[in-house]
Amino acid sequence: MQSIQSIAESHGLTLHMIQHTSQGTGWRDTARRCVQAQLPPDVTVHRGVLGNPVLSDGGSVSMSYTRVVSGVLLGAGGRLIGLDIEQLDRKIRAVQRYCSEDELAWLDAYSNRQQGAMILWSFKEALVKALGTGLRLPSAAVAVAVAPQPNGVFVATFPMFPCLQGHAVMDNNLRCVMAIVLDQSV
């Protein structure tokens, strides 16, 4: 099975993953400090106009935090990149609200509904992170078509954003789905 790390590298991106040893209430602050530690000393992370992370050197960045693992995806300035990590045991009520009929049909046909829901949600989250919009877009704008590959990778296309492509893998050791979305035009 191909790893999300090797997928990122094959597209000229750098992915740093940090496992957490504690699951206390301070995991988000710990994750942020770990992410900052992965950046060059003279580069800082700021909030953009819409709340998305922005690097002080103009590079592209996307971050994701969970209870057990955090990640930071780095790319050259101007690249559209998004990273999302979701725990497989997480319940997301919004999946029904943000999924199209085609996506719900794919979900119904997928062998494990919870895993399928996390794959769809991870792609949607990584997409809105790449766009820098968050879930402010209408659900039709974040539509995704998912195609499982023989190597265990899920590849996604986005009808409203044909220049973007997504890749996701399930990590059974960490019990999570990891998805990246990136521009194909670079």
# chains A, B, ... in the order shown; residues from 1 in each chain; ligands from 1
$ residues_around --residues "range 148-156 of chain A" --least-positions-apart "4" --cutoff "6 Å" --atoms "only C-alpha atoms" --output "list of chain:residue names"
A:Met1, A:Gln165, A:Gly166, A:His167, A:Ala168, A:Val169
$ write_last_selection --atoms "N, CA, C and O atoms" --output "compact mmCIF listing (two decimals), in the first residue's frame"
# COMPACT_ATOMS: atom_id res chain seq x y z
N MET A 1 0.84 -1.18 0.00
CA MET A 1 0.00 0.00 0.00
C MET A 1 0.89 1.24 0.00
O MET A 1 1.85 1.33 0.74
N GLN A 165 -6.84 17.59 -7.57
CA GLN A 165 -6.98 16.15 -7.44
C GLN A 165 -6.68 15.78 -6.00
O GLN A 165 -5.87 16.42 -5.34
N GLY A 166 -7.36 14.74 -5.51
CA GLY A 166 -7.14 14.29 -4.15
C GLY A 166 -6.62 12.86 -4.10
O GLY A 166 -6.86 12.07 -5.01
N HIS A 167 -5.89 12.57 -3.03
CA HIS A 167 -5.37 11.23 -2.77
C HIS A 167 -5.58 10.95 -1.29
O HIS A 167 -5.28 11.80 -0.46
N ALA A 168 -6.09 9.77 -0.96
CA ALA A 168 -6.30 9.41 0.45
C ALA A 168 -5.90 7.97 0.68
O ALA A 168 -6.00 7.13 -0.22
N VAL A 169 -5.44 7.72 1.89
CA VAL A 169 -5.12 6.37 2.33
C VAL A 169 -5.68 6.17 3.74
O VAL A 169 -5.86 7.14 4.48
$ closest_atom_pairs --of "range 6-96 of chain A" --to "range 125-131 of chain A" --cutoff "6 Å" --atoms "only C-alpha atoms" --output "Markdown table"
| residue | atom | partner | partner_atom | distance |
| --- | --- | --- | --- | --- |
| A:Leu80 | CA | A:Ala130 | CA | 5.0 |
| A:Ile81 | CA | A:Ala130 | CA | 4.4 |
| A:Gly82 | CA | A:Ala130 | CA | 4.1 |
| A:Leu83 | CA | A:Ala126 | CA | 4.8 |
| A:Asp84 | CA | A:Ala126 | CA | 5.0 |
$ atom_distance --atom1 "CA of Phe158 in chain A" --atom2 "CA of Met178 in chain A"
17.3 Å
$ residues_around --residues "Gln184 in chain A" --least-positions-apart "3" --cutoff "9 Å" --atoms "only C-alpha atoms" --output "compact mmCIF listing (two decimals) with N, CA, C and O atoms, in the first residue's frame"
# COMPACT_ATOMS: atom_id res chain seq x y z
N HIS A 11 4.58 14.54 -5.52
CA HIS A 11 4.02 15.78 -6.06
C HIS A 11 4.81 17.01 -5.61
O HIS A 11 4.31 18.14 -5.69
N PRO A 162 -11.68 21.27 -11.58
CA PRO A 162 -11.00 20.21 -12.34
C PRO A 162 -9.48 20.26 -12.27
O PRO A 162 -8.82 19.27 -12.57
N CYS A 163 -8.90 21.38 -11.84
CA CYS A 163 -7.44 21.46 -11.73
C CYS A 163 -6.93 20.82 -10.43
O CYS A 163 -5.73 20.69 -10.24
N LEU A 164 -7.85 20.41 -9.54
CA LEU A 164 -7.46 19.81 -8.27
C LEU A 164 -7.69 18.30 -8.30
O LEU A 164 -8.61 17.81 -8.95
N GLN A 165 -6.84 17.59 -7.57
CA GLN A 165 -6.98 16.15 -7.44
C GLN A 165 -6.68 15.78 -6.00
O GLN A 165 -5.87 16.42 -5.34
$ atom_distance --atom1 "CA of Phe123 in chain A" --atom2 "CA of Val54 in chain A"
20.6 Å
$ select_by_dssp --residues "range 87-159 of chain A" --states "alpha helix (DSSP H)" --output "PyMOL selection string"
chain A and resi 94-98+101-109+113-131
$ write_last_selection --atoms "N, CA, C and O atoms" --output "tab-separated table (two decimals), in the first residue's frame"
chain	number	residue	atom	x	y	z
A	94	ALA	N	-22.57	15.94	9.72
A	94	ALA	CA	-22.68	16.79	8.53
A	94	ALA	C	-22.48	16.03	7.23
A	94	ALA	O	-22.74	16.58	6.16
A	95	VAL	N	-22.02	14.79	7.29
A	95	VAL	CA	-21.78	14.03	6.06
A	95	VAL	C	-23.04	14.00	5.20
A	95	VAL	O	-22.99	14.26	4.00
A	96	GLN	N	-24.17	13.68	5.81
A	96	GLN	CA	-25.43	13.63	5.04
A	96	GLN	C	-25.75	14.98	4.42
A	96	GLN	O	-26.21	15.06	3.29
A	97	ARG	N	-25.50	16.06	5.17
A	97	ARG	CA	-25.85	17.40	4.69
A	97	ARG	C	-24.95	17.86	3.54
A	97	ARG	O	-25.39	18.57	2.65
A	98	TYR	N	-23.68	17.46	3.57
A	98	TYR	CA	-22.72	17.93	2.57
A	98	TYR	C	-22.50	16.95	1.42
A	98	TYR	O	-21.67	17.20	0.57
A	101	GLU	N	-26.32	13.22	-3.98
A	101	GLU	CA	-26.93	11.90	-4.19
A	101	GLU	C	-25.91	10.89	-4.71
A	101	GLU	O	-25.91	9.73	-4.30
A	102	ASP	N	-25.04	11.34	-5.63
A	102	ASP	CA	-24.00	10.44	-6.16
A	102	ASP	C	-23.04	10.00	-5.06
A	102	ASP	O	-22.63	8.84	-5.01
A	103	GLU	N	-22.66	10.92	-4.19
A	103	GLU	CA	-21.75	10.59	-3.10
A	103	GLU	C	-22.42	9.63	-2.11
A	103	GLU	O	-21.79	8.68	-1.63
A	104	LEU	N	-23.68	9.86	-1.80
A	104	LEU	CA	-24.41	8.96	-0.90
A	104	LEU	C	-24.56	7.57	-1.53
A	104	LEU	O	-24.47	6.56	-0.82
A	105	ALA	N	-24.74	7.51	-2.84
A	105	ALA	CA	-24.82	6.22	-3.53
A	105	ALA	C	-23.47	5.50	-3.45
A	105	ALA	O	-23.43	4.28	-3.21
A	106	TRP	N	-22.37	6.23	-3.64
A	106	TRP	CA	-21.04	5.63	-3.49
A	106	TRP	C	-20.86	5.11	-2.06
A	106	TRP	O	-20.38	4.00	-1.85
A	107	LEU	N	-21.30	5.90	-1.10
A	107	LEU	CA	-21.19	5.52	0.30
A	107	LEU	C	-21.99	4.27	0.60
A	107	LEU	O	-21.53	3.36	1.30
A	108	ASP	N	-23.20	4.18	0.05
A	108	ASP	CA	-24.05	2.99	0.26
A	108	ASP	C	-23.40	1.74	-0.35
A	108	ASP	O	-23.55	0.64	0.18
A	109	ALA	N	-22.69	1.92	-1.45
A	109	ALA	CA	-22.07	0.77	-2.13
A	109	ALA	C	-20.72	0.39	-1.52
A	109	ALA	O	-20.24	-0.73	-1.74
A	113	ARG	N	-19.40	1.54	5.68
A	113	ARG	CA	-20.01	2.88	5.61
A	113	ARG	C	-19.23	3.91	6.43
A	113	ARG	O	-19.04	5.05	5.99
A	114	GLN	N	-18.77	3.56	7.63
A	114	GLN	CA	-18.03	4.51	8.47
A	114	GLN	C	-16.72	4.91	7.80
A	114	GLN	O	-16.37	6.09	7.74
A	115	GLN	N	-15.98	3.93	7.28
A	115	GLN	CA	-14.74	4.26	6.57
A	115	GLN	C	-15.02	5.11	5.34
A	115	GLN	O	-14.32	6.08	5.08
A	116	GLY	N	-16.05	4.74	4.59
A	116	GLY	CA	-16.42	5.52	3.41
A	116	GLY	C	-16.78	6.95	3.75
A	116	GLY	O	-16.39	7.89	3.05
A	117	ALA	N	-17.51	7.14	4.85
A	117	ALA	CA	-17.88	8.48	5.29
A	117	ALA	C	-16.64	9.30	5.64
A	117	ALA	O	-16.54	10.48	5.30
A	118	MET	N	-15.67	8.66	6.29
A	118	MET	CA	-14.44	9.37	6.65
A	118	MET	C	-13.61	9.71	5.42
A	118	MET	O	-12.98	10.76	5.36
A	119	ILE	N	-13.61	8.82	4.41
A	119	ILE	CA	-12.89	9.10	3.17
A	119	ILE	C	-13.52	10.31	2.47
A	119	ILE	O	-12.82	11.27	2.10
A	120	LEU	N	-14.84	10.30	2.31
A	120	LEU	CA	-15.53	11.45	1.69
A	120	LEU	C	-15.28	12.73	2.47
A	120	LEU	O	-14.97	13.77	1.88
A	121	TRP	N	-15.46	12.67	3.78
A	121	TRP	CA	-15.30	13.87	4.60
A	121	TRP	C	-13.86	14.39	4.54
A	121	TRP	O	-13.64	15.61	4.45
A	122	SER	N	-12.87	13.49	4.56
A	122	SER	CA	-11.47	13.92	4.48
A	122	SER	C	-11.19	14.64	3.17
A	122	SER	O	-10.49	15.65	3.15
A	123	PHE	N	-11.74	14.12	2.07
A	123	PHE	CA	-11.55	14.80	0.79
A	123	PHE	C	-12.19	16.18	0.81
A	123	PHE	O	-11.62	17.16	0.32
A	124	LYS	N	-13.40	16.28	1.34
A	124	LYS	CA	-14.09	17.58	1.38
A	124	LYS	C	-13.33	18.58	2.25
A	124	LYS	O	-13.15	19.74	1.88
A	125	GLU	N	-12.86	18.13	3.42
A	125	GLU	CA	-12.09	19.01	4.31
A	125	GLU	C	-10.78	19.45	3.65
A	125	GLU	O	-10.40	20.61	3.72
A	126	ALA	N	-10.07	18.50	3.03
A	126	ALA	CA	-8.80	18.85	2.38
A	126	ALA	C	-9.05	19.81	1.21
A	126	ALA	O	-8.25	20.73	0.97
A	127	LEU	N	-10.18	19.64	0.50
A	127	LEU	CA	-10.52	20.55	-0.60
A	127	LEU	C	-10.72	21.97	-0.10
A	127	LEU	O	-10.14	22.91	-0.64
A	128	VAL	N	-11.54	22.14	0.94
A	128	VAL	CA	-11.80	23.52	1.40
A	128	VAL	C	-10.58	24.13	2.06
A	128	VAL	O	-10.41	25.35	2.05
A	129	LYS	N	-9.68	23.31	2.58
A	129	LYS	CA	-8.41	23.83	3.09
A	129	LYS	C	-7.53	24.30	1.92
A	129	LYS	O	-6.90	25.35	2.00
A	130	ALA	N	-7.50	23.52	0.84
A	130	ALA	CA	-6.71	23.92	-0.34
A	130	ALA	C	-7.24	25.23	-0.91
A	130	ALA	O	-6.47	26.10	-1.34
A	131	LEU	N	-8.55	25.38	-0.92
A	131	LEU	CA	-9.16	26.60	-1.45
A	131	LEU	C	-9.08	27.76	-0.46
A	131	LEU	O	-9.24	28.92	-0.85
$ select_by_dssp --residues "chain A" --states "strand (DSSP E)" --output "count of residues only"
56
$ atom_distance --atom1 "CA of Asn112 in chain A" --atom2 "CA of Ser10 in chain A"
28.8 Å
$ closest_residue --among "A:Leu55, A:Thr133, A:Val49, A:Ile4" --to "Cys176 in chain A" --atoms "only C-alpha atoms"
A:Ile4
$ residues_around --residues "Leu50 in chain A" --least-positions-apart "5" --cutoff "10 Å" --atoms "only C-alpha atoms" --output "VMD selection string"
chain A and resid 132 to 134 136
$ write_last_selection --atoms "N, CA, C and O atoms" --output "PDB file, in the first residue's frame"
ATOM      1  N   GLY A 132      -8.866  27.443   0.810  1.00  0.00           N
ATOM      2  CA  GLY A 132      -8.785  28.476   1.840  1.00  0.00           C
ATOM      3  C   GLY A 132     -10.131  29.038   2.258  1.00  0.00           C
ATOM      4  O   GLY A 132     -10.206  30.106   2.842  1.00  0.00           O
ATOM      5  N   THR A 133     -11.205  28.309   1.981  1.00  0.00           N
ATOM      6  CA  THR A 133     -12.544  28.838   2.241  1.00  0.00           C
ATOM      7  C   THR A 133     -13.224  28.260   3.469  1.00  0.00           C
ATOM      8  O   THR A 133     -14.187  28.829   3.961  1.00  0.00           O
ATOM      9  N   GLY A 134     -12.782  27.111   3.935  1.00  0.00           N
ATOM     10  CA  GLY A 134     -13.547  26.406   4.954  1.00  0.00           C
ATOM     11  C   GLY A 134     -14.862  25.955   4.338  1.00  0.00           C
ATOM     12  O   GLY A 134     -15.039  26.004   3.120  1.00  0.00           O
ATOM     13  N   ARG A 136     -17.588  27.264   3.911  1.00  0.00           N
ATOM     14  CA  ARG A 136     -18.469  28.374   3.541  1.00  0.00           C
ATOM     15  C   ARG A 136     -19.108  28.164   2.169  1.00  0.00           C
ATOM     16  O   ARG A 136     -20.039  28.853   1.805  1.00  0.00           O
TER      17      ARG A 136
END
$ residues_around --residues "Ser60 in chain A" --least-positions-apart "4" --cutoff "6 Å" --atoms "only C-alpha atoms" --output "compact mmCIF listing (two decimals) with C-alpha atoms, in the first residue's frame"
# COMPACT_ATOMS: atom_id res chain seq x y z
CA LEU A 74 4.27 22.25 2.91
CA GLY A 75 4.57 23.36 -0.70
CA ALA A 76 6.00 26.11 -2.83
CA GLY A 77 4.34 29.51 -2.66
CA ARG A 79 0.33 26.06 -4.64
